[in-house]
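Asker: My file is data.tsv. It has TSV, C-alpha atoms:
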chain	number	residue	atom	x	y	z
V	1	MET	CA	33.72	8.45	25.59
V	2	SER	CA	30.49	6.65	26.58
V	3	ASP	CA	28.50	9.92	26.18
V	4	ALA	CA	29.73	10.26	22.59
V	5	HIS	CA	28.98	6.59	22.01
V	6	SER	CA	25.40	6.98	23.26
V	7	LEU	CA	24.85	10.02	21.07
V	8	ASP	CA	26.35	8.25	18.05
V	9	ALA	CA	24.11	5.25	18.71
V	10	LEU	CA	21.08	7.57	18.81
V	11	ILE	CA	22.10	9.19	15.51
V	12	GLN	CA	22.59	5.78	13.89
V	13	ALA	CA	19.21	4.61	15.21
V	14	LEU	CA	17.47	7.69	13.78
V	15	ARG	CA	19.13	7.08	10.40
V	16	ARG	CA	17.12	3.86	10.12
V	17	LEU	CA	14.03	5.98	9.41
V	18	PRO	CA	13.21	6.43	5.71
V	19	GLY	CA	14.55	9.64	4.21
V	20	VAL	CA	16.71	10.46	7.24
V	21	GLY	CA	20.39	10.95	6.50
V	22	VAL	CA	23.30	11.78	8.78
V	23	LYS	CA	22.56	15.51	8.95
V	24	SER	CA	18.86	15.10	9.74
V	25	ALA	CA	19.55	12.36	12.29
V	26	SER	CA	22.20	14.51	13.96
V	27	ARG	CA	19.88	17.52	14.05
V	28	MET	CA	17.11	15.43	15.66
V	29	ALA	CA	19.45	13.84	18.20
V	30	PHE	CA	21.00	17.15	19.22
V	31	HIS	CA	17.57	18.78	19.48
V	32	LEU	CA	16.23	16.02	21.71
V	33	MET	CA	19.29	16.05	23.97
V	34	GLN	CA	19.60	19.84	24.17
V	35	HIS	CA	16.00	21.06	24.16
V	36	ASP	CA	13.59	18.19	24.81
V	37	ARG	CA	14.79	15.48	27.19
V	38	PRO	CA	11.19	14.69	28.27
V	39	GLY	CA	10.29	14.35	24.56
V	40	ALA	CA	13.20	11.97	24.07
V	41	GLN	CA	12.03	9.84	26.99
V	42	ALA	CA	8.43	9.86	25.71
V	43	LEU	CA	9.67	8.82	22.25
V	44	ALA	CA	11.74	6.01	23.75
V	45	ARG	CA	8.75	4.74	25.78
V	46	ALA	CA	6.39	4.93	22.78
V	47	LEU	CA	8.86	3.07	20.55
V	48	HIS	CA	9.42	0.40	23.18
V	49	GLU	CA	5.70	-0.11	23.79
V	50	ALA	CA	4.89	-0.23	20.07
V	51	ALA	CA	7.69	-2.71	19.39
V	52	GLU	CA	6.41	-4.92	22.22
V	53	GLN	CA	2.66	-4.65	21.65
V	54	VAL	CA	1.94	-4.02	17.96
V	55	ARG	CA	1.35	-7.17	15.91
V	56	HIS	CA	-0.40	-8.21	12.69
V	57	CYS	CA	-4.17	-8.66	12.52
V	58	ASP	CA	-5.01	-12.34	12.03
V	59	ARG	CA	-7.54	-11.49	9.29
V	60	CYS	CA	-6.15	-8.58	7.27
V	61	HIS	CA	-2.49	-8.46	8.33
V	62	THR	CA	-2.46	-4.75	9.23
V	63	PHE	CA	-0.96	-3.45	12.47
V	64	THR	CA	-2.99	-3.82	15.66
V	65	GLN	CA	-2.55	-4.50	19.35
V	66	ASP	CA	-5.32	-7.09	19.30
V	67	GLU	CA	-5.73	-10.45	17.62
V	68	VAL	CA	-8.15	-8.88	15.10
V	69	CYS	CA	-8.09	-5.17	14.24
V	70	ALA	CA	-10.97	-2.74	14.76
V	71	THR	CA	-11.65	-2.48	11.01
V	72	CYS	CA	-12.13	-6.24	10.65
V	73	LEU	CA	-14.40	-6.27	13.71
V	74	ASP	CA	-16.55	-3.36	12.49
V	75	THR	CA	-19.96	-4.87	11.66
V	76	ARG	CA	-20.83	-1.83	9.51
V	77	ARG	CA	-18.16	-2.76	6.93
V	78	ASP	CA	-19.13	-4.44	3.65
V	79	VAL	CA	-17.73	-7.99	3.97
V	80	GLY	CA	-18.29	-8.55	0.25
V	81	LYS	CA	-15.51	-6.12	-0.71
V	82	LEU	CA	-11.83	-6.77	-0.02
V	83	CYS	CA	-9.29	-4.06	-0.89
V	84	VAL	CA	-5.70	-5.28	-1.30
V	85	VAL	CA	-3.01	-2.73	-0.40
V	86	GLU	CA	0.75	-2.93	0.01
V	87	THR	CA	1.15	-1.26	3.41
V	88	PRO	CA	-0.79	-0.04	6.46
V	89	ALA	CA	0.03	3.51	5.25
V	90	ASP	CA	-1.81	2.77	1.99
V	91	GLN	CA	-4.77	1.43	3.98
V	92	SER	CA	-4.77	4.59	6.07
V	93	ALA	CA	-4.76	6.77	2.94
V	94	ILE	CA	-7.82	4.96	1.55
V	95	GLU	CA	-9.58	5.19	4.91
V	96	ARG	CA	-8.99	8.95	5.07
V	97	THR	CA	-10.97	9.39	1.84
V	98	GLY	CA	-14.12	8.09	3.54
V	99	ALA	CA	-15.14	6.61	0.17
V	100	TYR	CA	-14.52	2.92	0.94
V	101	LYS	CA	-16.52	0.91	3.47
V	102	GLY	CA	-15.28	-2.63	2.79
V	103	LEU	CA	-12.52	-4.69	4.38
V	104	TYR	CA	-8.79	-4.89	3.64
V	105	PHE	CA	-5.90	-7.24	3.14
V	106	VAL	CA	-2.48	-5.66	3.73
V	107	LEU	CA	0.35	-7.41	1.88
V	108	MET	CA	3.14	-5.73	3.90
V	109	GLY	CA	5.13	-5.38	0.70
V	110	LYS	CA	5.13	-6.09	-3.01
V	111	LEU	CA	6.68	-8.65	-5.30
V	112	SER	CA	10.26	-7.76	-6.13
V	113	PRO	CA	12.28	-10.66	-7.55
V	114	LEU	CA	15.43	-8.51	-7.71
V	115	ASP	CA	15.20	-8.02	-3.94
V	116	GLY	CA	14.31	-11.68	-3.34
V	117	ILE	CA	10.69	-10.93	-2.40
V	118	GLY	CA	8.34	-13.56	-3.77
V	119	PRO	CA	4.68	-14.59	-3.27
V	120	LYS	CA	5.36	-16.35	0.05
V	121	ASP	CA	7.02	-13.22	1.46
V	122	ILE	CA	3.90	-11.07	1.04
V	123	GLY	CA	1.34	-13.65	2.15
V	124	LEU	CA	-0.42	-14.37	-1.14
V	125	LYS	CA	-1.58	-17.79	0.08
V	126	LYS	CA	-3.35	-16.16	3.04
V	127	LEU	CA	-4.84	-13.53	0.70
V	128	PHE	CA	-6.21	-16.21	-1.64
V	129	GLU	CA	-7.73	-18.09	1.32
V	130	ARG	CA	-9.34	-14.88	2.59
V	131	ALA	CA	-10.67	-13.92	-0.86
V	132	CYS	CA	-12.22	-17.38	-1.28
V	133	ASP	CA	-13.93	-17.47	2.14
V	134	GLY	CA	-17.40	-17.41	0.56
V	135	LEU	CA	-18.13	-13.87	1.76
V	136	VAL	CA	-15.89	-11.83	-0.57
V	137	GLN	CA	-17.59	-10.93	-3.84
V	138	GLU	CA	-15.11	-8.37	-5.17
V	139	VAL	CA	-11.37	-7.92	-4.69
V	140	ILE	CA	-10.14	-4.39	-5.33
V	141	LEU	CA	-6.46	-4.29	-6.28
V	142	ALA	CA	-5.04	-1.09	-4.81
V	143	THR	CA	-1.33	-1.77	-5.14
V	144	ASN	CA	0.86	1.14	-6.22
V	145	PHE	CA	1.34	2.00	-9.87
V	146	THR	CA	5.04	1.11	-9.85
V	147	ALA	CA	6.58	-1.78	-11.80
V	148	GLU	CA	6.55	-3.92	-8.65
V	149	GLY	CA	3.01	-2.88	-7.72
V	150	GLU	CA	1.75	-3.69	-11.21
V	151	ALA	CA	3.50	-7.08	-11.14
V	152	THR	CA	1.96	-7.79	-7.74
V	153	ALA	CA	-1.52	-6.85	-9.00
V	154	HIS	CA	-1.01	-9.07	-12.06
V	155	VAL	CA	0.00	-12.12	-10.01
V	156	ILE	CA	-2.94	-11.61	-7.64
V	157	SER	CA	-5.41	-11.16	-10.50
V	158	GLU	CA	-4.18	-14.31	-12.24
V	159	GLY	CA	-4.45	-16.30	-9.01
V	160	LEU	CA	-7.95	-15.06	-8.26
V	161	LYS	CA	-9.32	-15.31	-11.81
V	162	ALA	CA	-8.64	-19.03	-11.62
V	163	ARG	CA	-10.83	-19.11	-8.49
V	164	GLY	CA	-13.72	-17.20	-10.09
V	165	ILE	CA	-13.43	-14.05	-7.94
V	166	SER	CA	-14.57	-10.67	-9.34
V	167	LEU	CA	-11.60	-8.30	-9.63
V	168	THR	CA	-11.25	-4.55	-10.07
V	169	ARG	CA	-8.19	-2.27	-10.12
V	170	LEU	CA	-7.95	1.29	-8.87
V	171	ALA	CA	-8.40	3.69	-11.78
V	172	ARG	CA	-5.51	5.77	-13.01
V	173	GLY	CA	-6.08	9.20	-14.39
V	174	VAL	CA	-5.70	12.93	-14.37
V	175	PRO	CA	-5.68	14.40	-10.84
V	176	ILE	CA	-8.63	16.60	-9.88
V	177	GLY	CA	-7.84	20.28	-10.36
V	178	SER	CA	-4.97	19.71	-12.78
V	179	GLU	CA	-4.48	21.17	-16.24
V	180	LEU	CA	-3.71	18.71	-19.03
V	181	GLU	CA	-0.70	20.63	-20.36
V	182	TYR	CA	1.06	20.07	-17.00
V	183	VAL	CA	0.15	16.39	-16.52
V	184	ASP	CA	2.79	13.81	-17.49
V	185	LEU	CA	2.17	11.93	-20.73
V	186	GLY	CA	1.97	8.50	-19.08
V	187	THR	CA	-0.88	9.66	-16.84
V	188	ILE	CA	-2.76	11.13	-19.80
V	189	ALA	CA	-2.28	7.91	-21.80
V	190	HIS	CA	-3.61	5.78	-18.93
V	191	ALA	CA	-6.53	8.16	-18.42
V	192	LEU	CA	-7.47	7.77	-22.10
V	193	VAL	CA	-7.26	3.97	-21.96
V	194	ASP	CA	-9.20	3.77	-18.68
V	195	ARG	CA	-11.80	6.38	-19.63
V	196	ARG	CA	-15.42	5.75	-18.70
When written as structure tokens, how does the structure in this file appear?
Answerer:
Amino acid sequence: MSDAHSLDALIQALRRLPGVGVKSASRMAFHLMQHDRPGAQALARALHEAAEQVRHCDRCHTFTQDEVCATCLDTRRDVGKLCVVETPADQSAIERTGAYKGLYFVLMGKLSPLDGIGPKDIGLKKLFERACDGLVQEVILATNFTAEGEATAHVISEGLKARGISLTRLARGVPIGSELEYVDLGTIAHALVDRR
């Protein structure tokens, strides 16, 4: 009975991952137990170490093992630009482009009154303090183009306008390589409004 309990506990733990249902979790658990016990042990160690050692950067709030992350410590970064993103995954996506050389502030979420997530829950006070440190000249709002992301960007822009900070928002538009007849109408409309 304890063997079945341990396997069920593993399946339930795997279900906590986004997009993983009962079937996927079961498939992963059975694979690890049947074909890759060393992989299961390595996964367990990595999860344990990450849970114990990964924390938030004191400056930008992203994940790091140190008090301040490597990006914030990089003297080659433009301290006059601060890009605001919702998650470390969003920060990573922007970094992979190689097009941005400024610093970041990671909200670790977005405003969502229906879910009880307000300004205090995503660290807006800390963001405003960081943006007004005398070094930041431009805040780039790179929240997602969802209703919650737009609301978050609006609240941030209103709070920073009152402090005299220059604000920009990521552009929306037609993806490179796409044909207009296959692009959704909302994207085309935004591309027309935001044209340059």
Asker: For a quick check of understanding, using only C-alpha atoms, which of V:Glu179, V:Lys125, V:Arg172, V:Val20 has the smallest distance to Leu192 (chain V)?
Answerer: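 Comparing V:Glu179, V:Lys125, V:Arg172, V:Val20 against Leu192 (chain V), the winner is V:Arg172.
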Asker: When distances are computed from only C-alpha atoms, which of V:Val22, V:Phe63, V:Ile94, V:Asp194 shows the smallest separation from Ala50 (chain V)?
Answerer: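 Among the listed residues, V:Phe63 lies closest to Ala50 (chain V).
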Asker: Pick the closest to Asp78 (chain V) from V:Ala51, V:Thr97, V:Glu138, V:Glu148: which is it, counting only C-alpha atoms?
Answerer: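 Smallest separation from Asp78 (chain V) among the options: V:Glu138.
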Asker: Give me the residues of region 100-190 of chain V that have any atom at most 8 Å from an atom of region 66-76 of chain V; for each, the nearest atom pair and the distance in Å, rounded to one decimal. Use all atoms listed in the file, sort by chain and number, and format it as JSON lines.
Answerer:
{"residue": "V:Lys101", "atom": "CA", "partner": "V:Arg76", "partner_atom": "CA", "distance": 7.9}
{"residue": "V:Leu103", "atom": "CA", "partner": "V:Cys72", "partner_atom": "CA", "distance": 6.5}
{"residue": "V:Tyr104", "atom": "CA", "partner": "V:Cys72", "partner_atom": "CA", "distance": 7.9}
Asker: For the atom pair CA of His154 (chain V) and CA of Ala191 (chain V), what is the interatomic distance in Å to one decimal place?
Answerer: 19.2 Å
Asker: Name the residues in contact with Lys81 (chain V) at a cut-off of 12 Å, using only C-alpha atoms, excluding same-chain residues fewer than 4 positions from it; report them as a ChimeraX atom specification.
Answerer: /V:72,77,100-105,130-141,165-168
Asker: Which is closer to Leu14 (chain V) than all the others in V:Gln65, V:Ser26, V:Asn144, V:Gln34, using all atoms listed in the file?
Answerer: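 For Leu14 (chain V), the nearest of the candidates is V:Ser26.
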Asker: For a quick check of understanding, using only C-alpha atoms, which of V:Ile117, V:Ile176, V:Ala99, V:Thr143 has the smallest distance to Thr87 (chain V)?
Answerer: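 Comparing V:Ile117, V:Ile176, V:Ala99, V:Thr143 against Thr87 (chain V), the winner is V:Thr143.
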Asker: Find the distance between CA of Gly173 (chain V) and CA of Glu150 (chain V) and write it in Å to one decimal.
Answerer: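 Going from CA of Gly173 (chain V) over to CA of Glu150 (chain V) covers 15.4 Å.
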Asker: Rounded to one decimal place, report the CA of Arg169 (chain V)-CA of Phe145 (chain V) distance in Å.
Answerer: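 Separation between CA of Arg169 (chain V) and CA of Phe145 (chain V): 10.4 Å.
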Asker: From the list V:Ser157, V:Thr152, V:Gln41, V:Thr64, which residue is nearest Pro113 (chain V) when using all atoms listed in the file?
Answerer: V:Thr152
Asker: List the neighbours of Thr62 (chain V) out to 7 Å using only C-alpha atoms; skip same-chain residues closer than 3 positions along the sequence, and give me the result as a tab-separated table (two decimals) with C-alpha atoms, in the coordinates of the input.
Answerer:
chain	number	residue	atom	x	y	z
V	56	HIS	CA	-0.40	-8.21	12.69
V	57	CYS	CA	-4.17	-8.66	12.52
V	88	PRO	CA	-0.79	-0.04	6.46
V	106	VAL	CA	-2.48	-5.66	3.73
Asker: Kindly list the centre and edge lengths in Å, rounded to one decimal, for the axis-aligned box that covers all listed atoms of region 161-165 of chain V plus 3 Å on each of its six sides, as AutoDock Vina command-line options.
Answerer:
--center_x -11.2 --center_y -16.6 --center_z -9.9 --size_x 11.1 --size_y 11.1 --size_z 9.9
Asker: Counting all atoms listed in the file, I want the residues whose atoms come within 12 Å of (0.6, -15.4, 1.3) in the file frame, returned as a list in words.
Answerer: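 It turns out the residues near that spot are Cys60, His61, Phe105, Val106, Leu107, Met108, Gly109, Lys110, Leu111, Ile117, Gly118, Pro119, Lys120, Asp121, Ile122, Gly123, Leu124, Lys125, Lys126, Leu127, Phe128, Glu129, Arg130, Ala131, Thr152, Val155, Ile156 and Gly159 of chain V.
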Asker: Name the residues in contact with Ala13 (chain V) at a cut-off of 10 Å, using all atoms listed in the file, excluding same-chain residues fewer than 4 positions from it; report them as a tab-separated table (two decimals) with C-alpha atoms, keeping the file's coordinate frame.
Answerer:
chain	number	residue	atom	x	y	z
V	7	LEU	CA	24.85	10.02	21.07
V	8	ASP	CA	26.35	8.25	18.05
V	9	ALA	CA	24.11	5.25	18.71
V	17	LEU	CA	14.03	5.98	9.41
V	25	ALA	CA	19.55	12.36	12.29
V	29	ALA	CA	19.45	13.84	18.20
